[in-house]
>>> print(open('work23.txt').read())   # compact mmCIF, C-alpha atoms and all ligand atoms
# COMPACT_ATOMS: atom_id res chain seq x y z
CA MET A 746 10.30 -32.43 -12.20
CA THR A 747 8.89 -29.90 -9.75
CA GLN A 748 11.70 -27.91 -8.19
CA ILE A 749 11.82 -26.81 -4.58
CA LEU A 750 13.97 -23.77 -3.89
CA SER A 751 15.45 -24.53 -0.50
CA GLU A 752 16.62 -21.00 0.31
CA VAL A 753 14.33 -19.60 3.03
CA TYR A 754 12.29 -16.63 1.82
CA LEU A 755 11.96 -13.98 4.53
CA ASP A 756 9.17 -11.71 5.69
CA TYR A 757 9.25 -8.46 7.69
CA SER A 758 8.94 -10.35 10.97
CA ASP A 759 12.07 -12.42 10.16
CA ILE A 760 14.45 -9.46 10.11
CA LEU A 761 15.59 -6.37 12.01
CA ILE A 762 17.69 -3.37 11.04
CA ARG A 763 20.91 -3.25 13.05
CA PRO A 764 21.74 0.15 14.60
CA LYS A 765 25.30 1.23 13.88
CA MET A 766 27.86 4.00 13.94
CA GLY A 767 28.08 6.09 10.85
CA ILE A 768 27.34 9.67 9.97
CA ASN A 769 24.63 9.60 12.65
CA LEU A 770 22.43 12.66 13.10
CA ASN A 771 21.76 14.37 16.40
CA SER A 772 18.07 14.89 15.77
CA ARG A 773 15.28 13.27 13.82
CA ARG A 774 14.46 16.76 12.61
CA ASP A 775 17.63 16.72 10.52
CA VAL A 776 16.51 13.72 8.44
CA ASN A 777 15.30 14.52 4.94
CA LEU A 778 12.10 12.52 4.47
CA GLN A 779 11.46 13.81 0.98
CA ARG A 780 12.95 12.00 -1.96
CA VAL A 781 13.10 13.03 -5.60
CA PHE A 782 11.94 10.20 -7.87
CA LYS A 783 13.14 10.37 -11.47
CA PHE A 784 10.96 7.89 -13.31
CA LYS A 785 11.88 5.67 -16.21
CA HIS A 786 9.42 7.25 -18.61
CA GLY A 787 10.51 10.81 -18.00
CA GLN A 788 8.58 12.32 -15.10
CA THR A 789 9.88 13.49 -11.72
CA ARG A 790 7.95 13.52 -8.44
CA THR A 791 9.00 14.45 -4.92
CA GLY A 792 7.70 13.07 -1.63
CA LEU A 793 7.84 10.45 1.09
CA GLY A 794 7.16 7.17 -0.73
CA VAL A 795 4.19 5.94 1.27
CA PHE A 796 0.89 5.15 -0.49
CA ASN A 797 -2.56 4.25 0.82
CA ALA A 798 -3.81 1.03 -0.80
CA ASN A 799 -6.15 1.52 -3.76
CA MET A 800 -8.94 -0.30 -1.94
CA ALA A 801 -12.51 0.94 -1.49
CA THR A 802 -12.00 1.25 2.27
CA VAL A 803 -8.74 3.23 2.31
CA GLY A 804 -8.35 4.44 -1.30
CA ASN A 805 -10.95 7.11 -0.58
CA MET A 806 -10.65 10.86 -0.95
CA ASP A 807 -10.43 11.70 2.72
CA VAL A 808 -7.49 9.34 3.31
CA ALA A 809 -5.80 10.42 0.06
CA GLU A 810 -6.08 14.10 0.96
CA HIS A 811 -4.35 13.59 4.30
CA LEU A 812 -1.45 11.63 2.79
CA LEU A 813 -0.95 14.24 0.08
CA ALA A 814 -1.07 17.06 2.63
CA ARG A 815 1.73 15.27 4.51
CA GLY A 816 3.97 15.11 1.44
CA MET A 817 3.26 11.42 0.84
CA PHE A 818 1.72 9.68 -2.18
CA ALA A 819 -1.90 8.62 -2.57
CA THR A 820 -4.25 6.55 -4.67
CA LEU A 821 -7.96 6.88 -5.36
CA HIS A 822 -9.74 3.55 -5.81
CA LYS A 823 -11.19 2.56 -9.19
CA HIS A 824 -14.87 2.75 -8.28
CA TYR A 825 -15.11 6.55 -8.23
CA SER A 826 -16.95 8.19 -11.14
CA VAL A 827 -15.44 10.94 -13.32
CA SER A 828 -17.56 13.59 -11.64
CA GLU A 829 -16.63 12.43 -8.14
CA ILE A 830 -12.91 12.56 -8.96
CA GLY A 831 -13.40 15.82 -10.87
CA HIS A 832 -15.11 17.37 -7.87
CA PHE A 833 -12.21 16.27 -5.66
CA LEU A 834 -9.58 17.64 -8.05
CA LYS A 835 -11.33 21.00 -8.17
CA ASN A 836 -12.00 21.37 -4.48
CA THR A 837 -9.15 19.81 -2.56
CA THR A 838 -6.56 22.05 -0.98
CA ALA A 839 -3.97 19.25 -1.01
CA PRO A 840 -1.19 19.30 -3.62
CA LEU A 841 -2.10 16.83 -6.37
CA ASP A 842 1.23 15.98 -8.00
CA ASN A 843 1.46 12.67 -6.13
CA LEU A 844 -2.11 11.50 -6.59
CA PHE A 845 -2.63 8.26 -8.56
CA ILE A 846 -5.98 7.46 -10.18
CA THR A 847 -6.63 3.72 -10.22
CA ILE A 848 -8.00 1.78 -13.16
CA GLY A 849 -8.60 -1.96 -13.49
CA LEU A 850 -8.35 -4.49 -16.29
CA LYS A 851 -11.98 -5.53 -16.42
CA ASN A 852 -13.53 -2.37 -17.89
CA ILE A 853 -10.47 -0.98 -19.56
CA ASP A 854 -12.29 0.86 -22.39
CA ALA A 855 -14.51 2.67 -19.92
CA ASP A 856 -11.56 3.36 -17.62
CA ILE A 857 -9.49 4.90 -20.41
CA GLN A 858 -12.48 7.05 -21.33
CA LYS A 859 -12.69 8.06 -17.69
CA LEU A 860 -9.07 9.28 -17.72
CA HIS A 861 -9.63 11.18 -20.98
CA ALA A 862 -12.74 12.77 -19.51
CA LEU A 863 -10.81 13.81 -16.40
CA GLU A 864 -8.18 15.39 -18.64
CA SER A 865 -10.58 17.28 -20.87
CA GLU A 866 -13.24 18.27 -18.33
CA TYR A 867 -11.36 18.66 -15.08
CA GLY A 868 -7.84 19.65 -16.08
CA TRP A 869 -6.33 16.46 -14.67
CA VAL A 870 -2.86 17.43 -15.76
CA LYS A 871 -1.28 18.18 -12.42
CA SER A 872 -1.91 14.66 -11.26
CA GLN A 873 -1.19 12.60 -14.30
CA ASN A 874 -0.38 9.49 -12.38
CA ILE A 875 -2.12 6.20 -13.09
CA CYS A 876 -2.27 3.03 -11.02
CA ILE A 877 -3.21 -0.08 -13.01
CA ASP A 878 -4.46 -2.55 -10.49
CA ALA A 879 -4.86 -6.28 -11.02
CA PRO A 880 -4.72 -8.97 -8.36
CA ASN A 881 -2.67 -11.03 -10.80
CA PHE A 882 -0.56 -9.29 -13.45
CA TYR A 883 0.65 -12.62 -14.86
CA ILE A 884 -2.38 -12.93 -17.12
CA PRO A 885 -1.20 -11.97 -20.65
CA ARG A 886 -4.01 -9.43 -21.09
CA ALA A 887 -2.55 -7.37 -18.24
CA LEU A 888 0.64 -6.61 -20.16
CA GLU A 889 -1.35 -5.77 -23.30
CA ILE A 890 -3.48 -3.34 -21.33
CA LEU A 891 -0.43 -1.78 -19.70
CA ALA A 892 1.08 -1.21 -23.18
CA ARG A 893 -2.16 0.34 -24.37
CA VAL A 894 -2.40 2.71 -21.38
CA ARG A 895 1.20 3.84 -21.98
CA LEU A 896 0.38 4.52 -25.62
CA GLU A 897 -2.67 6.59 -24.64
CA PHE A 898 -0.88 8.44 -21.82
CA PRO A 899 2.78 8.74 -22.85
CA ASN A 900 3.56 11.39 -20.22
CA SER A 901 1.93 9.82 -17.19
CA VAL A 902 3.65 8.12 -14.29
CA ILE A 903 2.27 4.58 -14.43
CA MET A 904 2.35 2.20 -11.49
CA ALA A 905 1.25 -1.36 -12.33
CA GLY A 906 0.89 -4.65 -10.49
CA ASN A 907 0.68 -6.89 -8.62
CA ILE A 908 3.46 -9.36 -9.23
CA ALA A 909 5.68 -11.54 -7.05
CA SER A 910 8.82 -12.28 -9.08
CA GLY A 911 11.61 -10.31 -10.66
CA ASP A 912 11.27 -11.90 -14.12
CA ILE A 913 8.12 -10.02 -15.11
CA CYS A 914 9.43 -6.61 -13.96
CA ILE A 915 11.67 -6.08 -16.99
CA LYS A 916 8.80 -6.58 -19.46
CA MET A 917 6.47 -4.38 -17.46
CA LEU A 918 9.03 -1.57 -17.20
CA ASP A 919 8.92 -1.13 -20.98
CA TYR A 920 5.67 0.68 -20.20
CA ALA A 921 5.42 1.20 -16.43
CA ASP A 922 7.43 3.40 -14.07
CA ILE A 923 6.66 1.66 -10.79
CA ILE A 924 6.03 -2.06 -10.29
CA LYS A 925 3.70 -2.95 -7.45
CA CYS A 926 5.07 -6.08 -5.76
CA GLY A 927 3.26 -8.34 -3.35
CA ILE A 928 0.93 -11.28 -3.69
CA GLY A 929 -0.71 -12.81 -0.68
CA SER A 930 0.74 -10.50 1.98
CA GLY A 931 -2.27 -8.27 2.60
CA SER A 932 -4.09 -8.35 5.92
CA ALA A 933 -7.46 -8.83 4.19
CA CYS A 934 -6.10 -11.30 1.67
CA LEU A 935 -6.88 -15.00 1.32
CA THR A 936 -4.79 -15.78 -1.76
CA ARG A 937 -2.25 -17.91 0.08
CA ARG A 938 -4.99 -19.97 1.69
CA GLN A 939 -7.06 -20.31 -1.47
CA THR A 940 -4.30 -20.82 -4.04
CA GLY A 941 -1.14 -21.64 -2.11
CA CYS A 942 0.60 -18.81 -4.00
CA GLY A 943 2.64 -15.96 -2.58
CA VAL A 944 6.12 -14.74 -1.71
CA PRO A 945 7.26 -13.24 1.63
CA MET A 946 7.85 -9.50 1.29
CA VAL A 947 11.50 -9.14 2.31
CA SER A 948 12.87 -11.59 -0.24
CA LEU A 949 10.44 -10.27 -2.83
CA ILE A 950 11.57 -6.68 -2.37
CA LEU A 951 15.24 -7.68 -2.72
CA GLU A 952 14.56 -9.58 -5.92
CA CYS A 953 12.28 -7.03 -7.58
CA ALA A 954 14.29 -3.95 -6.55
CA ASP A 955 17.41 -5.52 -8.02
CA VAL A 956 15.75 -6.24 -11.36
CA ALA A 957 13.75 -2.99 -11.60
CA HIS A 958 16.62 -0.70 -10.58
CA SER A 959 18.91 -2.31 -13.13
CA VAL A 960 16.76 -0.81 -15.91
CA GLY A 961 15.87 2.48 -14.20
CA GLY A 962 12.51 1.35 -12.80
CA HIS A 963 11.04 1.74 -9.32
CA ILE A 964 9.12 -0.65 -7.08
CA CYS A 965 6.36 -0.34 -4.52
CA ALA A 966 6.15 -2.98 -1.75
CA ASP A 967 2.43 -3.59 -1.37
CA GLY A 968 0.82 -5.34 1.61
CA GLY A 969 1.91 -6.86 4.88
CA ILE A 970 2.80 -3.67 6.77
CA VAL A 971 1.88 -4.49 10.37
CA VAL A 972 3.88 -1.84 12.24
CA VAL A 973 5.73 1.32 11.19
CA GLY A 974 9.03 -0.54 11.52
CA ASP A 975 7.97 -2.60 8.51
CA VAL A 976 7.87 0.58 6.39
CA CYS A 977 11.43 1.34 7.56
CA LYS A 978 12.48 -2.21 6.68
CA ALA A 979 10.99 -1.92 3.18
CA PHE A 980 12.96 1.28 2.52
CA CYS A 981 16.16 -0.24 3.94
CA LEU A 982 15.70 -3.22 1.63
CA ASN A 983 15.64 -0.79 -1.31
CA SER A 984 11.94 -0.53 -2.00
CA ASP A 985 11.23 2.92 -3.41
CA PHE A 986 7.62 3.01 -2.23
CA VAL A 987 5.44 1.22 0.27
CA MET A 988 1.68 0.71 0.00
CA ALA A 989 -0.46 -0.05 3.03
CA GLY A 990 -4.13 -0.65 3.73
CA GLY A 991 -4.65 -2.23 7.12
CA ILE A 992 -2.77 0.41 9.11
CA PHE A 993 -5.13 3.10 7.77
CA ALA A 994 -8.32 1.02 7.92
CA GLY A 995 -9.29 1.88 11.49
CA THR A 996 -8.85 5.63 11.14
CA ALA A 997 -11.64 8.20 11.19
CA GLN A 998 -10.84 9.09 7.55
CA ALA A 999 -11.19 5.54 6.15
CA ALA A 1000 -14.47 4.83 4.39
CA GLY A 1001 -17.22 3.16 6.33
CA GLU A 1002 -19.08 3.63 9.54
CA ILE A 1003 -17.71 3.22 13.02
CA TYR A 1004 -19.62 0.58 14.97
CA GLU A 1005 -19.63 -0.71 18.51
CA ARG A 1006 -18.96 -4.26 19.64
CA HIS A 1007 -19.63 -5.46 23.15
CA PHE A 1008 -17.38 -8.00 24.87
CA GLU A 1009 -17.98 -9.84 28.10
CA THR A 1010 -14.87 -9.58 30.29
CA ASN A 1011 -13.84 -12.02 33.05
CA GLU A 1012 -14.48 -9.33 35.65
CA ILE A 1013 -17.61 -9.66 37.81
CA VAL A 1014 -19.07 -6.37 39.11
CA ASP A 1015 -22.08 -6.58 41.47
CA GLY A 1016 -22.58 -10.19 40.49
CA VAL A 1017 -22.69 -9.37 36.77
CA ARG A 1018 -19.98 -9.91 34.15
CA ARG A 1019 -18.61 -6.52 33.14
CA VAL A 1020 -19.16 -5.75 29.46
CA GLU A 1021 -16.59 -3.75 27.54
CA THR A 1022 -17.48 -1.71 24.49
CA LYS A 1023 -14.96 -1.19 21.72
CA LEU A 1024 -15.17 0.75 18.47
CA PHE A 1025 -14.46 -0.87 15.11
CA LYS A 1026 -14.48 -0.12 11.39
CA GLN A 1027 -15.07 -2.47 8.51
CA TYR A 1028 -12.11 -3.40 6.27
CA TYR A 1029 -12.54 -5.75 3.31
CA GLY A 1030 -10.33 -7.15 0.56
CA MET A 1031 -11.13 -6.07 -2.98
CA SER A 1032 -11.54 -9.73 -4.02
CA SER A 1033 -13.73 -10.56 -1.03
CA GLU A 1034 -17.27 -11.75 -1.44
CA TYR A 1035 -18.39 -8.49 0.15
CA ALA A 1036 -16.53 -6.41 -2.49
CA ASN A 1037 -17.80 -8.65 -5.31
CA ASN A 1038 -21.37 -8.19 -4.10
CA LYS A 1039 -20.92 -4.46 -3.75
CA PHE A 1040 -19.09 -3.66 -6.99
CA ALA A 1041 -19.57 -6.60 -9.37
CA GLY A 1042 -23.15 -7.64 -8.72
CA GLY A 1043 -22.10 -10.84 -6.94
CA MET A 1044 -19.43 -13.51 -7.06
CA ALA A 1045 -18.93 -15.04 -10.54
CA ASP A 1046 -19.46 -18.82 -10.47
CA TYR A 1047 -15.92 -19.60 -11.72
CA LYS A 1048 -14.24 -17.62 -8.92
CA THR A 1049 -13.36 -18.18 -5.29
CA SER A 1050 -13.09 -15.32 -2.84
CA GLU A 1051 -9.46 -14.33 -2.27
CA GLY A 1052 -10.21 -11.63 0.26
CA ARG A 1053 -12.02 -11.33 3.54
CA GLU A 1054 -14.10 -8.89 5.51
CA LEU A 1055 -12.68 -7.79 8.85
CA SER A 1056 -13.60 -5.58 11.77
CA VAL A 1057 -10.57 -3.52 12.71
CA PRO A 1058 -10.21 -1.48 15.91
CA TYR A 1059 -11.03 2.20 15.51
CA THR A 1060 -7.79 4.19 15.81
CA GLY A 1061 -8.93 7.80 15.52
CA GLU A 1062 -7.48 10.54 13.35
CA ILE A 1063 -5.25 9.44 10.47
CA ASP A 1064 -2.82 12.28 11.17
CA LYS A 1065 -1.66 10.39 14.25
CA VAL A 1066 -0.81 7.34 12.07
CA LEU A 1067 0.92 9.53 9.48
CA GLN A 1068 2.91 11.27 12.20
CA ASP A 1069 3.94 7.83 13.52
CA ILE A 1070 5.09 6.77 10.06
CA ALA A 1071 7.12 9.93 9.45
CA GLY A 1072 8.52 9.86 13.00
CA GLY A 1073 9.42 6.17 12.81
CA ILE A 1074 11.26 6.58 9.53
CA ALA A 1075 13.17 9.62 10.78
CA SER A 1076 14.14 7.76 13.94
CA CYS A 1077 15.28 4.72 11.96
CA CYS A 1078 17.53 7.02 9.94
CA THR A 1079 19.20 8.29 13.13
CA TYR A 1080 19.91 4.69 14.25
CA ILE A 1081 21.64 3.76 11.00
CA GLY A 1082 23.30 7.03 10.05
CA ALA A 1083 21.15 7.85 7.06
CA ALA A 1084 20.70 11.55 6.37
CA SER A 1085 17.71 10.93 4.13
CA VAL A 1086 15.21 8.26 3.11
CA LYS A 1087 17.13 7.89 -0.13
CA HIS A 1088 20.19 6.78 1.83
CA MET A 1089 18.45 4.19 4.02
CA SER A 1090 19.23 1.20 1.80
CA LYS A 1091 22.88 2.26 1.50
CA CYS A 1092 23.30 2.59 5.27
CA ALA A 1093 21.29 -0.37 6.51
CA THR A 1094 22.62 -3.70 7.76
CA ILE A 1095 19.83 -6.25 7.99
CA ILE A 1096 19.95 -9.15 10.42
CA GLN A 1097 17.88 -12.29 10.30
CA VAL A 1098 16.21 -13.01 13.65
CA HIS A 1099 14.00 -15.61 15.29
CA ASN A 1100 12.25 -13.24 17.63
CA GLN A 1101 11.80 -9.59 16.70
CA LEU A 1102 9.41 -8.18 19.34
CA ASN A 1103 8.94 -8.48 23.09
CA ARG A 1104 5.25 -9.30 23.47
CA VAL A 1105 5.19 -10.08 27.18
CA PHE A 1106 2.53 -7.52 28.16
CA GLU A 1107 0.47 -7.54 24.98
CA LYS A 1108 -2.28 -9.68 26.41
CA TYR A 1109 -2.99 -6.93 28.97
CA SER A 1110 -3.17 -4.03 26.55
CA VAL A 1111 -6.49 -2.80 25.22
P1 LIG B 1 -2.37 -4.54 4.01
O1 LIG B 1 -1.67 -3.24 4.09
O2 LIG B 1 -3.76 -4.47 4.55
O3 LIG B 1 -1.60 -5.67 4.62
O4 LIG B 1 -2.46 -4.93 2.46
C1 LIG B 1 -3.06 -4.08 1.49
C2 LIG B 1 -2.93 -4.75 0.15
O5 LIG B 1 -3.61 -6.01 0.13
C3 LIG B 1 -3.57 -4.02 -1.02
O6 LIG B 1 -2.83 -2.92 -1.45
C4 LIG B 1 -3.68 -5.12 -2.08
O7 LIG B 1 -2.48 -5.33 -2.77
C5 LIG B 1 -3.94 -6.34 -1.23
N1 LIG B 1 -5.37 -6.71 -1.28
C6 LIG B 1 -6.45 -5.92 -1.12
N2 LIG B 1 -7.59 -6.62 -1.21
C7 LIG B 1 -7.24 -7.90 -1.45
C8 LIG B 1 -7.97 -9.10 -1.68
O8 LIG B 1 -9.20 -9.16 -1.61
N3 LIG B 1 -7.23 -10.21 -1.95
C9 LIG B 1 -5.87 -10.18 -2.02
N4 LIG B 1 -5.23 -11.30 -2.32
N5 LIG B 1 -5.15 -9.08 -1.78
C10 LIG B 1 -5.82 -7.94 -1.51
>>> encode(input="work23.txt", output="structure tokens", more="lines below")
Ligand code: 5GP
Amino acid sequence: MTQILSEVYLDYSDILIRPKMGINLNSRRDVNLQRVFKFKHGQTRTGLGVFNANMATVGNMDVAEHLLARGMFATLHKHYSVSEIGHFLKNTTAPLDNLFITIGLKNIDADIQKLHALESEYGWVKSQNICIDAPNFYIPRALEILARVRLEFPNSVIMAGNIASGDICIKMLDYADIIKCGIGSGSACLTRRQTGCGVPMVSLILECADVAHSVGGHICADGGIVVVGDVCKAFCLNSDFVMAGGIFAGTAQAAGEIYERHFETNEIVDGVRRVETKLFKQYYGMSSEYANNKFAGGMADYKTSEGRELSVPYTGEIDKVLQDIAGGIASCCTYIGAASVKHMSKCATIIQVHNQLNRVFEKYSV
């Protein structure tokens, strides 16, 4: 018989972090945003656990460089060639220890060759971090490929996903260091509409962190970050890393052109409706029809598109977003008495709410 789990699964918008007395700090400056990560398969990395999504729009070099320069983590998407990545590795001034090169399942032989070529031709030793990206890691081939990549690169930090249940984490952590959790939460994602599958992020983080941490693994909460407070919530819930796409998609550093859109307002000036011009950038899911046309020569006839193409408002320089993220996390720590990001989950009390934000004036804002 089909079972229905009646416990309500929660998302970021269903909870808040309750401020409280503790060893509260006087200034956000006193919060230690850097965390030392000791990974299951032997490596250590240090940084603020925020990744850009490994998508063509935001997993680009410009975005990656800015995150790395800020002491965060970064991915490069899987469609870069060896020489493009090699050129980046040689020329960037950003520290590379926290850079993850993404590979997929589809062309695994070629992708493994690509990593070997990076190692032999471009000295890719400082950044031996690999992200194995699959929309659905439940297909048996995914685990086989993960095992093979671990065999080929025994000393790398490997992040693999995506999944949306604790059960698979244990198996994956035989080979991976970080499990990327999240199915259906992404802003450019259509999986929940097209398949009915998905798990809200808050409950998912609790479940996966519990399982992964019990065997020395780490998790990355991927997708669904709408505001900086969601990053704080993910850390308080015990996620080690957070991955985000949409919040970087409108920045000057994201891939793609800026374009103008004209909107007729309700205002009449000299008998004519006033037209407002706003700037946008394109953001598309990696399973969208647009991405399939661009990178896979079209949509295969057995597939449905599980991603969409969006126009997102242009938000300017990425440094402003990164500053907001760092500032928001530091401030959260001062509300809950956490001296460092590492301590957030120990200090946080989470409350379930029906209404998390006051939106009264939002309809007036531009
Ligand atoms: P966001 O931060 O925009 O909410 O979510 C970013 C995440 O959405 C990515 O890291 C990835 O896990 C997921 N994603 C990206 N493209 C697609 C897609 O086409 N379909 C689905 N289902 N998820 C996607």
>>> residues_near_ligand(input="work23.txt", ligand="ligand LIG 1 (chain B)", cutoff="8 Å", atoms="all atoms listed in the file", output="number ranges by chain")
A: 797-800, 880, 907, 927-937, 967-971, 988-992, 994, 1029-1033, 1036, 1050-1053
>>> closest_residue(input="work23.txt", among="A:Ala997, A:Val808, A:Val973, A:Ala1083", to="Gln1068 in chain A", atoms="all atoms listed in the file")
A:Val973
>>> atom_distance(input="work23.txt", atom1="CA of Glu952 in chain A", atom2="CA of Ser901 in chain A")
25.7 Å
>>> residues_around(input="work23.txt", residues="Ala892 in chain A", least_positions_apart="4", cutoff="8 Å", atoms="only C-alpha atoms", output="list of chain:residue names")
A:Leu888, A:Leu896, A:Tyr920
>>> closest_residue(input="work23.txt", among="A:Lys978, A:Lys851, A:His786, A:His1007", to="Met904 in chain A", atoms="only C-alpha atoms")
A:His786
>>> residues_around(input="work23.txt", residues="Ile1096 in chain A", least_positions_apart="5", cutoff="9 Å", atoms="only C-alpha atoms", output="NGL selection string")
:A and (759-763)
>>> atom_distance(input="work23.txt", atom1="CA of Glu1062 in chain A", atom2="CA of Tyr1080 in chain A")
28.0 Å
>>> closest_atom_pairs(input="work23.txt", of="range 768-813 of chain A", to="range 826-842 of chain A", cutoff="8 Å", atoms="only C-alpha atoms", output="Markdown table")
| residue | atom | partner | partner_atom | distance |
| --- | --- | --- | --- | --- |
| A:Arg790 | CA | A:Asp842 | CA | 7.2 |
| A:Met806 | CA | A:Phe833 | CA | 7.3 |
| A:Glu810 | CA | A:Ala839 | CA | 5.9 |
| A:His811 | CA | A:Ala839 | CA | 7.8 |
| A:Leu813 | CA | A:Ala839 | CA | 6.0 |
>>> atom_distance(input="work23.txt", atom1="CA of Trp869 in chain A", atom2="CA of Val781 in chain A")
21.7 Å
>>> residues_around(input="work23.txt", residues="Gln858 in chain A", least_positions_apart="5", cutoff="12 Å", atoms="all atoms listed in the file", output="number ranges by chain")
A: 826-827, 848, 852-853, 863-866, 894, 897-898
>>> residues_around(input="work23.txt", residues="Ala1084 in chain A", least_positions_apart="5", cutoff="8 Å", atoms="all atoms listed in the file", output="PyMOL selection string")
chain A and resi 768-770+775-777+1078-1079
>>> decode(input="work23.txt", residues="range 926-965 of chain A", atoms="C-alpha atoms", output="compact mmCIF listing (two decimals), in the first residue's frame")
# COMPACT_ATOMS: atom_id res chain seq x y z
CA CYS A 926 21.07 17.81 -1.31
CA GLY A 927 18.05 19.32 -2.98
CA ILE A 928 15.64 18.19 -5.65
CA GLY A 929 13.01 20.51 -6.99
CA SER A 930 13.88 23.60 -4.92
CA GLY A 931 15.72 25.63 -7.54
CA SER A 932 14.27 28.86 -8.85
CA ALA A 933 14.71 27.73 -12.47
CA CYS A 934 13.54 24.20 -11.78
CA LEU A 935 10.39 22.47 -13.00
CA THR A 936 10.96 19.03 -11.48
CA ARG A 937 8.15 19.30 -8.95
CA ARG A 938 5.69 20.36 -11.63
CA GLN A 939 6.83 17.77 -14.16
CA THR A 940 7.40 14.78 -11.88
CA GLY A 941 5.71 15.59 -8.58
CA CYS A 942 9.01 14.79 -6.85
CA GLY A 943 10.89 16.89 -4.32
CA VAL A 944 11.49 17.55 -0.63
CA PRO A 945 11.34 20.95 1.14
CA MET A 946 14.83 22.13 2.08
CA VAL A 947 14.57 22.53 5.85
CA SER A 948 13.44 18.98 6.56
CA LEU A 949 15.83 17.68 3.94
CA ILE A 950 18.83 19.40 5.51
CA LEU A 951 17.95 18.01 8.96
CA GLU A 952 17.66 14.48 7.61
CA CYS A 953 20.76 14.50 5.41
CA ALA A 954 23.00 16.35 7.87
CA ASP A 955 22.13 13.83 10.55
CA VAL A 956 22.99 10.86 8.35
CA ALA A 957 26.09 12.38 6.71
CA HIS A 958 27.60 13.74 9.93
CA SER A 959 27.19 10.38 11.63
CA VAL A 960 29.82 8.93 9.28
CA GLY A 961 32.07 12.00 9.01
CA GLY A 962 30.56 13.38 5.79
CA HIS A 963 29.44 16.89 4.90
CA ILE A 964 26.39 18.21 3.07
CA CYS A 965 25.65 21.11 0.77
